[in-house]
>>> print(open('final.tsv').read())   # TSV, C-alpha atoms and all ligand atoms
chain	number	residue	atom	x	y	z
A	1	MET	CA	-57.22	-40.42	-84.60
A	2	LYS	CA	-57.16	-36.74	-85.06
A	3	PHE	CA	-57.94	-36.23	-81.41
A	4	LYS	CA	-55.27	-38.70	-80.31
A	5	LYS	CA	-52.69	-36.97	-82.41
A	6	LEU	CA	-53.64	-33.64	-81.01
A	7	ALA	CA	-53.66	-35.01	-77.48
A	8	ALA	CA	-50.23	-36.54	-78.01
A	9	LEU	CA	-48.99	-33.29	-79.42
A	10	ALA	CA	-50.45	-31.41	-76.53
A	11	LEU	CA	-48.90	-33.83	-74.11
A	12	SER	CA	-45.49	-33.64	-75.69
A	13	MET	CA	-45.79	-29.88	-75.81
A	14	ALA	CA	-46.76	-29.83	-72.17
A	15	LEU	CA	-43.84	-32.09	-71.35
A	16	ALA	CA	-41.47	-30.01	-73.37
A	17	ALA	CA	-42.85	-26.91	-71.77
A	18	SER	CA	-42.51	-28.29	-68.29
A	19	MET	CA	-38.98	-29.45	-69.06
A	20	LEU	CA	-38.18	-26.06	-70.45
A	21	MET	CA	-39.74	-24.39	-67.50
A	22	GLY	CA	-37.97	-26.79	-65.22
A	23	CYS	CA	-34.58	-25.93	-66.44
A	24	GLY	CA	-35.35	-22.48	-67.76
A	25	GLY	CA	-37.24	-21.77	-64.60
A	26	SER	CA	-34.41	-22.67	-62.31
A	27	SER	CA	-31.86	-20.79	-64.34
A	28	SER	CA	-34.09	-17.76	-64.65
A	29	LYS	CA	-34.64	-17.98	-60.91
A	30	ASP	CA	-30.89	-17.82	-60.38
A	31	THR	CA	-30.66	-14.87	-62.71
A	32	ALA	CA	-33.59	-13.22	-61.06
A	33	GLU	CA	-31.96	-13.70	-57.68
A	34	SER	CA	-28.67	-12.23	-58.80
A	35	ASP	CA	-30.54	-9.46	-60.59
A	36	THR	CA	-32.40	-8.59	-57.45
A	37	GLN	CA	-29.19	-8.73	-55.53
A	38	ALA	CA	-27.44	-6.48	-58.02
A	39	ALA	CA	-30.35	-4.07	-58.12
A	40	GLY	CA	-30.59	-4.25	-54.36
A	41	ASN	CA	-26.91	-3.48	-54.04
A	42	GLU	CA	-27.18	-0.58	-56.40
A	43	THR	CA	-30.07	1.05	-54.67
A	44	ALA	CA	-28.99	0.20	-51.15
A	45	ALA	CA	-25.38	1.17	-51.78
A	46	PHE	CA	-25.83	4.86	-52.40
A	47	THR	CA	-27.57	7.39	-50.27
A	48	THR	CA	-28.72	10.87	-51.18
A	49	VAL	CA	-29.33	13.91	-49.00
A	50	ASN	CA	-33.07	13.42	-49.38
A	51	ASP	CA	-34.38	9.92	-50.05
A	52	GLY	CA	-35.39	9.41	-53.64
A	53	VAL	CA	-34.10	12.82	-54.69
A	54	LEU	CA	-30.89	13.86	-56.45
A	55	THR	CA	-30.12	17.37	-55.22
A	56	MET	CA	-27.90	19.32	-57.57
A	57	ALA	CA	-26.18	22.61	-56.86
A	58	THR	CA	-25.55	25.02	-59.70
A	59	ASN	CA	-25.15	28.70	-60.50
A	60	ALA	CA	-27.88	29.45	-62.99
A	61	GLN	CA	-26.07	32.40	-64.59
A	62	PHE	CA	-24.10	30.33	-67.02
A	63	PRO	CA	-25.88	29.98	-70.35
A	64	PRO	CA	-26.31	27.60	-72.11
A	65	TYR	CA	-25.27	25.21	-69.31
A	66	GLU	CA	-27.68	26.68	-66.74
A	67	PHE	CA	-29.94	29.67	-66.95
A	68	TYR	CA	-33.46	30.72	-66.09
A	69	ASP	CA	-36.39	30.25	-68.41
A	70	GLY	CA	-39.07	32.04	-66.41
A	71	SER	CA	-38.72	30.51	-62.97
A	72	ASN	CA	-37.26	27.23	-64.25
A	73	ILE	CA	-33.58	26.46	-64.40
A	74	VAL	CA	-32.88	24.95	-67.81
A	75	GLY	CA	-29.84	24.19	-69.96
A	76	ILE	CA	-27.30	21.50	-70.71
A	77	ASP	CA	-26.48	20.66	-67.09
A	78	ALA	CA	-30.13	20.64	-66.04
A	79	GLU	CA	-30.94	18.17	-68.83
A	80	ILE	CA	-27.95	15.95	-68.13
A	81	ALA	CA	-28.81	15.90	-64.43
A	82	LYS	CA	-32.40	14.96	-65.26
A	83	ALA	CA	-31.19	12.08	-67.45
A	84	VAL	CA	-28.83	10.91	-64.67
A	85	ALA	CA	-31.60	11.13	-62.06
A	86	ASP	CA	-33.96	9.16	-64.33
A	87	LYS	CA	-31.35	6.44	-64.75
A	88	LEU	CA	-30.89	6.18	-60.98
A	89	GLY	CA	-34.61	6.24	-60.30
A	90	LEU	CA	-34.39	9.57	-58.49
A	91	GLU	CA	-36.25	12.83	-58.75
A	92	LEU	CA	-34.13	15.87	-59.62
A	93	LYS	CA	-34.01	18.98	-57.47
A	94	ILE	CA	-31.87	21.93	-58.54
A	95	GLU	CA	-30.55	24.48	-56.04
A	96	ASP	CA	-29.28	27.75	-57.41
A	97	MET	CA	-26.40	29.33	-55.51
A	98	GLU	CA	-23.26	31.35	-56.06
A	99	PHE	CA	-20.62	29.43	-58.00
A	100	ASN	CA	-18.28	30.00	-55.09
A	101	SER	CA	-20.61	28.08	-52.72
A	102	ILE	CA	-21.06	24.92	-54.79
A	103	ILE	CA	-18.01	22.93	-53.67
A	104	GLY	CA	-18.63	23.78	-50.00
A	105	SER	CA	-22.26	22.65	-50.27
A	106	VAL	CA	-21.17	19.35	-51.82
A	107	GLN	CA	-18.50	18.87	-49.17
A	108	SER	CA	-20.79	19.59	-46.25
A	109	GLY	CA	-23.46	17.25	-47.61
A	110	LYS	CA	-26.07	19.96	-48.21
A	111	VAL	CA	-26.43	18.77	-51.80
A	112	ASP	CA	-25.58	15.53	-53.63
A	113	MET	CA	-23.64	16.96	-56.50
A	114	GLY	CA	-22.49	20.10	-58.22
A	115	LEU	CA	-23.13	20.40	-61.93
A	116	ALA	CA	-22.24	23.85	-63.11
A	117	GLY	CA	-19.98	23.82	-66.14
A	118	MET	CA	-17.38	23.17	-63.48
A	119	THR	CA	-13.85	22.56	-64.63
A	120	VAL	CA	-11.90	19.66	-63.19
A	121	THR	CA	-8.79	21.05	-61.49
A	122	GLU	CA	-6.16	19.40	-59.30
A	123	GLU	CA	-6.92	21.85	-56.52
A	124	ARG	CA	-10.66	21.12	-56.55
A	125	LYS	CA	-9.87	17.41	-56.52
A	126	GLN	CA	-8.47	17.93	-53.02
A	127	SER	CA	-11.97	18.89	-51.85
A	128	VAL	CA	-14.38	16.87	-54.00
A	129	ASN	CA	-14.52	13.89	-56.34
A	130	PHE	CA	-15.22	14.42	-60.03
A	131	THR	CA	-17.03	12.14	-62.45
A	132	GLU	CA	-15.79	11.49	-65.93
A	133	SER	CA	-15.89	14.65	-68.03
A	134	TYR	CA	-19.02	15.30	-70.10
A	135	ALA	CA	-17.93	18.38	-72.06
A	136	THR	CA	-14.94	20.49	-73.00
A	137	GLY	CA	-14.76	24.12	-72.03
A	138	ILE	CA	-12.55	26.96	-73.22
A	139	GLN	CA	-11.63	30.11	-71.33
A	140	SER	CA	-12.25	32.96	-73.76
A	141	ILE	CA	-11.40	36.62	-73.60
A	142	ILE	CA	-14.14	39.20	-74.22
A	143	VAL	CA	-13.13	42.74	-75.14
A	144	LYS	CA	-14.88	45.82	-76.43
A	145	GLU	CA	-14.75	46.20	-80.19
A	146	GLY	CA	-11.77	48.39	-81.10
A	147	SER	CA	-9.89	47.36	-77.94
A	148	ASP	CA	-6.10	47.42	-78.08
A	149	ILE	CA	-6.14	43.90	-76.63
A	150	LYS	CA	-5.76	41.78	-79.77
A	151	THR	CA	-4.36	38.54	-78.36
A	152	VAL	CA	-3.63	36.88	-75.02
A	153	ASP	CA	-0.18	38.48	-75.12
A	154	ASP	CA	-1.71	41.94	-74.69
A	155	LEU	CA	-3.21	41.21	-71.27
A	156	THR	CA	-0.23	42.29	-69.19
A	157	GLY	CA	-1.00	45.44	-67.26
A	158	LYS	CA	-4.70	45.34	-68.14
A	159	LYS	CA	-7.64	45.13	-65.74
A	160	ILE	CA	-9.21	41.72	-66.13
A	161	GLY	CA	-12.79	40.97	-65.03
A	162	VAL	CA	-13.68	37.45	-63.94
A	163	GLN	CA	-16.35	35.51	-62.09
A	164	LEU	CA	-15.21	34.82	-58.51
A	165	SER	CA	-13.60	31.41	-57.91
A	166	THR	CA	-13.95	30.26	-61.51
A	167	THR	CA	-10.97	28.95	-63.42
A	168	GLY	CA	-10.88	32.29	-65.28
A	169	ASP	CA	-10.28	33.91	-61.86
A	170	ILE	CA	-7.78	31.28	-60.70
A	171	TYR	CA	-5.65	31.33	-63.86
A	172	ALA	CA	-5.78	35.10	-64.41
A	173	THR	CA	-4.85	35.75	-60.78
A	174	ASP	CA	-1.91	33.34	-61.14
A	175	ASP	CA	-0.74	34.81	-64.43
A	176	TYR	CA	-1.36	38.54	-63.92
A	177	GLY	CA	-1.55	39.05	-60.14
A	178	GLU	CA	-4.37	39.76	-57.70
A	179	GLU	CA	-4.09	43.53	-58.30
A	180	ASN	CA	-5.03	43.17	-61.98
A	181	VAL	CA	-8.05	40.93	-61.53
A	182	GLU	CA	-11.51	42.23	-60.59
A	183	LYS	CA	-13.76	39.48	-59.23
A	184	TYR	CA	-17.55	39.49	-59.60
A	185	ASN	CA	-20.15	37.07	-58.26
A	186	LYS	CA	-21.78	36.68	-61.66
A	187	GLY	CA	-20.32	36.49	-65.13
A	188	ALA	CA	-22.95	39.02	-66.20
A	189	ASP	CA	-21.61	41.51	-63.63
A	190	ALA	CA	-18.09	41.13	-65.03
A	191	VAL	CA	-19.45	41.80	-68.52
A	192	GLN	CA	-21.32	44.86	-67.21
A	193	ALA	CA	-18.02	46.11	-65.77
A	194	LEU	CA	-16.45	45.75	-69.22
A	195	ILE	CA	-19.29	47.69	-70.82
A	196	THR	CA	-18.83	50.51	-68.30
A	197	ASP	CA	-15.03	50.49	-68.71
A	198	LYS	CA	-14.27	49.32	-65.17
A	199	VAL	CA	-12.23	46.48	-66.67
A	200	ASP	CA	-10.48	46.08	-70.03
A	201	CYS	CA	-11.53	42.50	-70.72
A	202	VAL	CA	-13.38	39.54	-69.21
A	203	ILE	CA	-12.00	36.01	-69.04
A	204	ILE	CA	-14.86	33.54	-68.97
A	205	ASP	CA	-15.94	30.18	-70.44
A	206	ASN	CA	-16.59	30.36	-74.17
A	207	GLN	CA	-20.26	29.37	-74.23
A	208	PRO	CA	-21.45	31.99	-71.73
A	209	ALA	CA	-19.03	34.40	-73.46
A	210	LYS	CA	-20.93	33.87	-76.71
A	211	ALA	CA	-24.25	34.44	-74.98
A	212	PHE	CA	-23.01	37.66	-73.34
A	213	VAL	CA	-21.59	38.98	-76.60
A	214	ALA	CA	-24.82	38.16	-78.44
A	215	ASP	CA	-26.81	40.04	-75.77
A	216	ASN	CA	-24.62	43.15	-75.66
A	217	GLU	CA	-23.61	45.23	-78.62
A	218	GLY	CA	-20.02	46.38	-79.08
A	219	LEU	CA	-18.35	43.32	-77.56
A	220	LYS	CA	-16.32	40.59	-79.20
A	221	ILE	CA	-14.46	37.42	-78.31
A	222	LEU	CA	-10.76	37.21	-79.17
A	223	ASP	CA	-9.80	34.46	-81.58
A	224	THR	CA	-7.04	33.23	-79.30
A	225	GLU	CA	-8.16	31.01	-76.46
A	226	TYR	CA	-6.82	31.40	-72.97
A	227	THR	CA	-7.10	27.70	-71.93
A	228	THR	CA	-9.01	24.51	-72.72
A	229	GLU	CA	-10.53	22.43	-69.93
A	230	GLU	CA	-12.90	19.60	-69.01
A	231	TYR	CA	-16.27	19.92	-67.28
A	232	ALA	CA	-17.49	17.24	-64.85
A	233	ALA	CA	-19.95	16.74	-61.99
A	234	CYS	CA	-18.48	16.95	-58.49
A	235	LEU	CA	-19.59	14.85	-55.53
A	236	SER	CA	-18.61	14.46	-51.90
A	237	LYS	CA	-15.52	12.43	-51.08
A	238	ASP	CA	-17.66	10.77	-48.38
A	239	ASN	CA	-20.10	9.28	-50.89
A	240	GLU	CA	-18.07	7.03	-53.17
A	241	ALA	CA	-21.14	4.92	-53.93
A	242	LEU	CA	-23.12	7.87	-55.29
A	243	LEU	CA	-20.05	8.99	-57.26
A	244	LYS	CA	-19.91	5.53	-58.84
A	245	ALA	CA	-23.62	5.58	-59.66
A	246	VAL	CA	-23.57	9.09	-61.18
A	247	ASP	CA	-20.31	8.39	-63.00
A	248	GLY	CA	-21.76	5.17	-64.43
A	249	ALA	CA	-24.89	7.01	-65.57
A	250	ILE	CA	-22.82	9.74	-67.26
A	251	LYS	CA	-20.70	7.11	-69.04
A	252	GLU	CA	-23.86	5.40	-70.35
A	253	LEU	CA	-25.37	8.71	-71.43
A	254	LYS	CA	-22.18	9.53	-73.30
A	255	GLU	CA	-22.07	6.11	-74.95
A	256	ASP	CA	-25.67	6.14	-76.11
A	257	GLY	CA	-25.36	9.65	-77.55
A	258	THR	CA	-27.77	11.33	-75.09
A	259	ILE	CA	-25.19	13.84	-73.84
A	260	GLN	CA	-24.08	14.71	-77.37
A	261	SER	CA	-27.65	15.38	-78.41
A	262	ILE	CA	-28.20	17.61	-75.35
A	263	LEU	CA	-25.00	19.54	-76.19
A	264	ASP	CA	-26.07	19.87	-79.82
A	265	LYS	CA	-29.47	21.17	-78.78
A	266	TYR	CA	-27.89	24.14	-76.97
A	267	ILE	CA	-24.59	24.68	-78.74
A	268	VAL	CA	-24.77	25.71	-82.34
A	269	ALA	CA	-21.54	25.02	-84.22
A	270	ASP	CA	-19.71	28.18	-85.27
B	1	LIG	N1	-15.65	26.45	-65.87
B	1	LIG	C1	-15.44	27.47	-64.91
B	1	LIG	C2	-14.99	26.88	-63.62
B	1	LIG	O1	-15.20	25.74	-63.38
B	1	LIG	C3	-16.68	28.36	-64.70
B	1	LIG	C4	-17.89	27.66	-64.26
B	1	LIG	C5	-19.07	28.56	-63.93
B	1	LIG	O2	-18.96	29.76	-63.84
B	1	LIG	N2	-20.22	28.00	-63.75
B	1	LIG	O3	-14.44	27.53	-62.81
>>> encode(input="final.tsv", output="structure tokens", more="lines below")
Ligand code: GLN
Amino acid sequence: MKFKKLAALALSMALAASMLMGCGGSSSKDTAESDTQAAGNETAAFTTVNDGVLTMATNAQFPPYEFYDGSNIVGIDAEIAKAVADKLGLELKIEDMEFNSIIGSVQSGKVDMGLAGMTVTEERKQSVNFTESYATGIQSIIVKEGSDIKTVDDLTGKKIGVQLSTTGDIYATDDYGEENVEKYNKGADAVQALITDKVDCVIIDNQPAKAFVADNEGLKILDTEYTTEEYAACLSKDNEALLKAVDGAIKELKEDGTIQSILDKYIVAD
């Protein structure tokens, strides 16, 4: 009796299981097929310069977005790029170059993307595609303590130091003329020029500005901001599929709070 009951139970369970498997099986097979297709599409759809590798161009003189820790490039952009690469199943490789060379390297297909605290501008959009923005930047003005430059309005007729081809350079050149703007390859060189009185102020993004002021006595950042802007990754116009993949990854990393926690790790609220 006991055995029969058990056997019947086992049989009905087996039946139920096979029915479940029958229908569940076929539906999960469909899902599996479409999953494979979707995954297949995703991986097959984008190509990178080197298979399995996401090659990023940056200028590692831009703390806290990118800077050297020993021989490693670390910072906000390095961590975001690593999270993006992980999501896409790629290994990350970072190439350090002059800021001025990043867009060209992306355009010519030497690298997959530029991630360099780079501001989205209409002009740059003519040359490269941008992802959704992942951070806000501000162009700040650094002066020596005691400077007669108190606000943005005092910049007329002054010598302004900038980093070549950055938005600080582009806007200052537009507003104050080529003859008043001294261009340096590195932000740190512009700051050095300020310290040695070769320029009267430096226009540069606010986070590196803070780092430079913290590292050099006698400098300060003006309270008035020059401009506010958006940072994004740039990719080649010839690789829409990779743009979509990287953009999708950045959106997800924003939504799940990963990007905010990376920003918070490096940027201490004032
Ligand atoms: N945000 C500025 C720009 O895009 C500076 C970026 C940088 O120096 N890395 O021009």
>>> residues_around(input="final.tsv", residues="Val181 (chain A)", least_positions_apart="4", cutoff="8 Å", atoms="all atoms listed in the file", output="JSON, numbers by chain")
{"A": [159, 160, 161, 162, 169, 172, 173, 176, 177]}
>>> closest_residue(input="final.tsv", among="A:Gln163, A:Thr48, A:Thr121, A:Thr196", to="Lys93 (chain A)", atoms="all atoms listed in the file")
A:Thr48
>>> residues_near_ligand(input="final.tsv", ligand="ligand LIG 1 (chain B)", cutoff="9 Å", atoms="all atoms listed in the file", output="PyMOL selection string")
chain A and resi 58-63+65-66+98-100+115-121+137-139+163-170+186-187+204-205+208+229-232
>>> atom_distance(input="final.tsv", atom1="CA of Ile262 (chain A)", atom2="CA of Glu79 (chain A)")
7.1 Å
>>> closest_residue(input="final.tsv", among="A:Val152, A:Leu235, A:Ile142, A:Leu253", to="Ala214 (chain A)", atoms="all atoms listed in the file")
A:Ile142
>>> atom_distance(input="final.tsv", atom1="CA of Val49 (chain A)", atom2="CA of Asp96 (chain A)")
16.2 Å
>>> closest_residue(input="final.tsv", among="A:Ala209, A:Asp200, A:Leu88, A:Leu54", to="Ser147 (chain A)", atoms="only C-alpha atoms")
A:Asp200
>>> atom_distance(input="final.tsv", atom1="CA of Ser261 (chain A)", atom2="CA of Gly52 (chain A)")
26.6 Å
>>> closest_residue(input="final.tsv", among="A:Asn180, A:Phe67, A:Thr55, A:Glu252", to="Ala211 (chain A)", atoms="all atoms listed in the file")
A:Phe67
>>> residues_around(input="final.tsv", residues="Val143 (chain A)", least_positions_apart="2", cutoff="10 Å", atoms="only C-alpha atoms", output="count of residues only")
23
>>> closest_residue(input="final.tsv", among="A:Asn206, A:Val268, A:Glu122, A:Phe130", to="Leu243 (chain A)", atoms="only C-alpha atoms")
A:Phe130
>>> closest_residue(input="final.tsv", among="A:Ala190, A:Leu155, A:Ile267, A:Ala57", to="Gly104 (chain A)", atoms="all atoms listed in the file")
A:Ala57
>>> residues_near_point(input="final.tsv", point="(-19.7, 7.4, -60.9)", cutoff="10 Å", atoms="all atoms listed in the file", output="ChimeraX atom specification")
/A:129-132,233-235,240-251
